[in-house]
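Below: the structure, in structure tokens.
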Amino acid sequence: MVAEATAAADMPTGVGATLTRIGRVLRRRDFRWWFGSQVLGASGAATQAVALSWVVLQSTGNAFWLSVMTTCTWGPMLALGPWAGSLVDRHDRRQILLVTQSLLLVGSVALGVLVAVSQLPLWIVLGMSLLAGSVTAVDAPARQVYIVDLVGREGVASAVGLWEVVINSSRVLGPAVGGLLLATAGPAWCFLVNGLTFLGPLLVLWRLQPQSHEVRVRAPKQPGAIRSGLRYGWRTPVVRACLPMAAASGMLFTMGIALTPLATRSLHLGGGGYGALMAMFGIGALPGALLAAGTSAPTGTRVRSLCVATGASVLVVAWSPDLVLTFAAMALTGFTSIWFIATANTLVQLRTEPGMLGRVMGLWSMALPGATTVTGFLISGVVESLGARAGFSCSGVALLLSALLGWRALAQRSVDRPADTPLPTTAGPH
């Protein structure tokens, strides 16, 4: 009851309280600069994704190779997640990010130069996607743990919510820039522009030494570190409950697989209608991300409620007989899904021992987006065999099932303050 009362007291009481919490995090210079650099970085990645799909489709004429490219891009997260998380736990996150961001910059520029001078064989494109995915497998958990170094654990909720704002903004800005560059300058410039966007994060990492509010707990190099991370994830109720939810949400966020056939085959919409559905998702996602950013104390009960709400709204989108209701439900899906996934991510980070955080975030990357390399093929199979509405329903059903599986674990008081997980010591004023 004490934990619940404390959480309730920390809940935002209005728009002013939400903005206050967000502003408190943005007042931290190091995070403000890092956050600003990520806006460019995320948009650049979306710009490159547009060009990469275009290059593969133009060179093969077969959409199957787009699925193969997606597997090469995200598959390493599924395969390397535990190892990458262990690496992040043992080493300085800032140093890791300096290396990974530099490698991603070199890879993007190399792709741009190669595409500019010749038509690339498919195996080179897939090979470079695989290399970039392997680097990203380390970069993703390092970035998530680095946020804790920058803002302290009390600022994680706001930082994760703001990151969702960045991601959803990039889904609009990135493809728009990518389409413009494809039409005017060619795909090579999409890769080159993405490479340039890494300069901002690298400059921030190079110049700023974060004044962390957390004592950085580094795991010693020892045999069995990966196995201990897997065991920790299984034995920690909140982690065990939230990872399947993250994997289920990934089925929703890979919308190109299920939403495109839903819009064209079942709803009989053209390109404009498909774009409008995507826009409705983004319109709902922004306030959802801001609500997550304005909340300082996520609870297991809230996570499971938002998971159920997201699953239900997905099913409404899939089976609604009325087009107006479909568009409204799509906005609701954006609102609940982003609020849900940001809240779940925050809860997992806050309830993980500092020395295990890298490994747990590696497991999170395995679930989202790593698992999409498997679930994407599953959804496409359902679409082709049972129809577009059934295919889009897959994520809704998976979310509801994952909420049911984690229901008791997320209802335990130990989720709000686990007895076997000591709170981290802090250094310096909050």
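For the structure tokens, the naming scheme is as follows: chains receive sequential letters (A, B, ...) according to their order of presentation, residues are indexed from 1 within each chain, and ligands are indexed from 1 in presentation order.
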
For the interface of segment 113-166 of chain A with segment 72-89 of chain A (cut-off 6 Å, counting only C-alpha atoms), please tabulate each contacting residue of segment 113-166 of chain A alongside its nearest pair of atoms and their separation in Å to one decimal, rows sorted by chain and increasing number, as a tab-separated table.
residue	atom	partner	partner_atom	distance
A:Ser129	CA	A:Thr73	CA	5.2
A:Leu130	CA	A:Cys72	CA	4.6
A:Gly133	CA	A:Thr73	CA	4.5
A:Ser134	CA	A:Pro76	CA	5.1
A:Ala137	CA	A:Met77	CA	4.6
A:Val138	CA	A:Ala84	CA	4.9
A:Ala142	CA	A:Val88	CA	5.8

Inset, instruction - Identify, on the basis of only C-alpha atoms, every residue whose closest approach to segment 42-51 of chain A does not exceed 10 Å; exclude the query and any residue fewer than 4 positions from it along the same chain; express the result as a VMD selection string. - result: chain A and resid 37 to 38 55 to 57 70 108 111 to 112 163 166 to 182 186 to 198

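Distance-wise, atom CA of Met251 of chain A and atom CA of Gly127 of chain A end up 24.8 Å apart.
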
Inset, instruction - Kindly give the distance, in Å, that separates atom CA of Gly107 of chain A and atom CA of Leu131 of chain A, rounded to a single decimal. - result: 8.4 Å

Excluding same-chain residues fewer than 2 positions from Leu208 of chain A, what lies within 10 Å of it counting only C-alpha atoms, as an mmCIF file with C-alpha atoms, in the first residue's frame?
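Resulting contents of selection.cif:
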data_model
loop_
_atom_site.group_PDB
_atom_site.id
_atom_site.type_symbol
_atom_site.label_atom_id
_atom_site.label_comp_id
_atom_site.auth_asym_id
_atom_site.auth_seq_id
_atom_site.Cartn_x
_atom_site.Cartn_y
_atom_site.Cartn_z
ATOM 1 C CA ARG A 29 22.669 20.049 -20.346
ATOM 2 C CA ASP A 30 24.205 16.703 -21.253
ATOM 3 C CA PHE A 31 20.870 15.024 -21.834
ATOM 4 C CA TRP A 33 22.445 17.873 -26.208
ATOM 5 C CA TRP A 34 22.218 14.081 -26.505
ATOM 6 C CA ARG A 94 30.107 6.329 -23.647
ATOM 7 C CA LEU A 203 30.357 15.314 -31.189
ATOM 8 C CA VAL A 204 28.177 15.194 -28.087
ATOM 9 C CA LEU A 205 29.823 11.986 -26.887
ATOM 10 C CA TRP A 206 33.283 13.398 -27.540
ATOM 11 C CA PRO A 210 28.054 13.286 -18.193
ATOM 12 C CA GLN A 211 27.624 14.172 -14.546
#

Mind running segment 283-378 of chain A against segment 151-161 of chain A at 9 Å and telling me each contacting residue's nearest atom pair with the distance in Å (one decimal), counting only C-alpha atoms, chain and number ascending, as CSV?
residue,atom,partner,partner_atom,distance
A:Gly288,CA,A:Gly161,CA,8.3
A:Ala289,CA,A:Gly161,CA,4.9
A:Leu290,CA,A:Gly161,CA,6.0
A:Leu291,CA,A:Gly161,CA,7.5
A:Ala292,CA,A:Gly161,CA,5.0
A:Ala293,CA,A:Ser158,CA,3.6
A:Gly294,CA,A:Ser158,CA,5.8
A:Thr295,CA,A:Ala157,CA,6.3
A:Ser296,CA,A:Ala157,CA,5.7
A:Ala297,CA,A:Ala157,CA,7.6
A:Pro298,CA,A:Ala157,CA,7.8
A:Ile338,CA,A:Gly161,CA,8.4
A:Trp339,CA,A:Gly161,CA,7.8
A:Ala342,CA,A:Gly161,CA,5.7
A:Thr343,CA,A:Ala157,CA,7.1
A:Asn345,CA,A:Val160,CA,7.6
A:Thr346,CA,A:Ala157,CA,5.4
A:Leu347,CA,A:Ala157,CA,8.2
A:Gln349,CA,A:Val156,CA,7.9
A:Leu350,CA,A:Arg153,CA,6.5

Non-local contacts of Ala390 of chain A (12 Å; only C-alpha atoms; under 2 positions in same chain excluded) as an mmCIF file with N, CA and C atoms, in the first residue's frame:
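After the write, out.cif holds the following:
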data_model
loop_
_atom_site.group_PDB
_atom_site.id
_atom_site.type_symbol
_atom_site.label_atom_id
_atom_site.label_comp_id
_atom_site.auth_asym_id
_atom_site.auth_seq_id
_atom_site.Cartn_x
_atom_site.Cartn_y
_atom_site.Cartn_z
ATOM 1 N N ALA A 258 1.546 -5.853 -42.038
ATOM 2 C CA ALA A 258 0.121 -6.142 -41.836
ATOM 3 C C ALA A 258 -0.799 -4.992 -42.240
ATOM 4 N N LEU A 259 -0.351 -3.747 -42.041
ATOM 5 C CA LEU A 259 -1.240 -2.620 -42.307
ATOM 6 C C LEU A 259 -1.451 -2.399 -43.802
ATOM 7 N N PRO A 261 -1.587 -4.615 -46.416
ATOM 8 C CA PRO A 261 -2.684 -5.433 -46.967
ATOM 9 C C PRO A 261 -4.037 -5.124 -46.342
ATOM 10 N N LEU A 262 -4.063 -4.723 -45.068
ATOM 11 C CA LEU A 262 -5.338 -4.357 -44.455
ATOM 12 C C LEU A 262 -5.943 -3.155 -45.170
ATOM 13 N N SER A 266 -8.628 -5.141 -47.547
ATOM 14 C CA SER A 266 -9.842 -5.204 -46.728
ATOM 15 C C SER A 266 -10.585 -3.881 -46.670
ATOM 16 N N VAL A 314 -6.198 -2.597 -31.201
ATOM 17 C CA VAL A 314 -5.729 -3.237 -32.439
ATOM 18 C C VAL A 314 -6.838 -4.085 -33.054
ATOM 19 N N LEU A 315 -7.548 -4.836 -32.227
ATOM 20 C CA LEU A 315 -8.626 -5.683 -32.730
ATOM 21 C C LEU A 315 -9.774 -4.848 -33.301
ATOM 22 N N VAL A 316 -10.022 -3.678 -32.713
ATOM 23 C CA VAL A 316 -11.057 -2.792 -33.261
ATOM 24 C C VAL A 316 -10.647 -2.317 -34.651
ATOM 25 N N VAL A 317 -9.365 -1.926 -34.799
ATOM 26 C CA VAL A 317 -8.880 -1.505 -36.117
ATOM 27 C C VAL A 317 -9.062 -2.630 -37.130
ATOM 28 N N ALA A 318 -8.726 -3.853 -36.723
ATOM 29 C CA ALA A 318 -8.748 -4.988 -37.653
ATOM 30 C C ALA A 318 -10.154 -5.356 -38.097
ATOM 31 N N TRP A 319 -11.134 -5.269 -37.194
ATOM 32 C CA TRP A 319 -12.454 -5.827 -37.486
ATOM 33 C C TRP A 319 -13.581 -4.805 -37.533
ATOM 34 N N LEU A 378 5.642 -14.755 -39.580
ATOM 35 C CA LEU A 378 4.397 -15.323 -39.067
ATOM 36 C C LEU A 378 3.196 -14.511 -39.523
ATOM 37 N N ILE A 379 3.294 -13.190 -39.387
ATOM 38 C CA ILE A 379 2.179 -12.325 -39.770
ATOM 39 C C ILE A 379 1.920 -12.417 -41.267
ATOM 40 N N SER A 380 2.987 -12.391 -42.073
ATOM 41 C CA SER A 380 2.792 -12.470 -43.522
ATOM 42 C C SER A 380 2.129 -13.786 -43.907
ATOM 43 N N GLY A 381 2.473 -14.861 -43.198
ATOM 44 C CA GLY A 381 1.830 -16.146 -43.467
ATOM 45 C C GLY A 381 0.352 -16.131 -43.131
ATOM 46 N N VAL A 382 -0.007 -15.492 -42.023
ATOM 47 C CA VAL A 382 -1.419 -15.383 -41.633
ATOM 48 C C VAL A 382 -2.175 -14.529 -42.640
ATOM 49 N N VAL A 383 -1.552 -13.439 -43.088
ATOM 50 C CA VAL A 383 -2.192 -12.565 -44.076
ATOM 51 C C VAL A 383 -2.536 -13.342 -45.341
ATOM 52 N N GLU A 384 -1.588 -14.141 -45.813
ATOM 53 C CA GLU A 384 -1.801 -14.855 -47.060
ATOM 54 C C GLU A 384 -2.766 -16.028 -46.918
ATOM 55 N N SER A 385 -2.837 -16.613 -45.729
ATOM 56 C CA SER A 385 -3.684 -17.801 -45.556
ATOM 57 C C SER A 385 -5.062 -17.485 -44.987
ATOM 58 N N LEU A 386 -5.143 -16.514 -44.072
ATOM 59 C CA LEU A 386 -6.419 -16.214 -43.402
ATOM 60 C C LEU A 386 -6.969 -14.836 -43.724
ATOM 61 N N GLY A 387 -6.184 -13.994 -44.373
ATOM 62 C CA GLY A 387 -6.680 -12.681 -44.750
ATOM 63 C C GLY A 387 -6.003 -11.554 -43.994
ATOM 64 N N ALA A 388 -6.165 -10.339 -44.528
ATOM 65 C CA ALA A 388 -5.478 -9.174 -43.975
ATOM 66 C C ALA A 388 -5.978 -8.817 -42.581
ATOM 67 N N PHE A 392 -3.550 -8.534 -39.280
ATOM 68 C CA PHE A 392 -3.385 -7.364 -38.418
ATOM 69 C C PHE A 392 -3.802 -7.687 -36.985
ATOM 70 N N SER A 393 -4.699 -8.645 -36.819
ATOM 71 C CA SER A 393 -5.146 -9.023 -35.475
ATOM 72 C C SER A 393 -4.072 -9.731 -34.672
ATOM 73 N N CYS A 394 -3.048 -10.268 -35.336
ATOM 74 C CA CYS A 394 -2.034 -11.066 -34.641
ATOM 75 C C CYS A 394 -1.415 -10.310 -33.472
ATOM 76 N N SER A 395 -1.067 -9.033 -33.697
ATOM 77 C CA SER A 395 -0.439 -8.273 -32.615
ATOM 78 C C SER A 395 -1.415 -8.040 -31.471
ATOM 79 N N GLY A 396 -2.682 -7.794 -31.776
ATOM 80 C CA GLY A 396 -3.674 -7.594 -30.716
ATOM 81 C C GLY A 396 -3.858 -8.837 -29.870
ATOM 82 N N VAL A 397 -3.969 -9.978 -30.528
ATOM 83 C CA VAL A 397 -4.118 -11.238 -29.791
ATOM 84 C C VAL A 397 -2.870 -11.515 -28.960
#

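With atom CA of Gly311 of chain A on one side and atom CA of Leu399 of chain A on the other, the separation reads 5.2 Å.
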
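Closest approach to Leu286 of chain A among A:Val145, A:Ile96, A:Phe335, A:Val374: A:Phe335, based on only C-alpha atoms.
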
Inset, instruction - DSSP on the backbone, then: every residue of segment 142-390 of chain A marked alpha helix (DSSP H), written as a PyMOL selection string. - result: chain A and resi 142-151+156-184+187-197+199-207+225-235+237-253+255-261+271-293+300-319+323-350+357-365+372-386+388-390
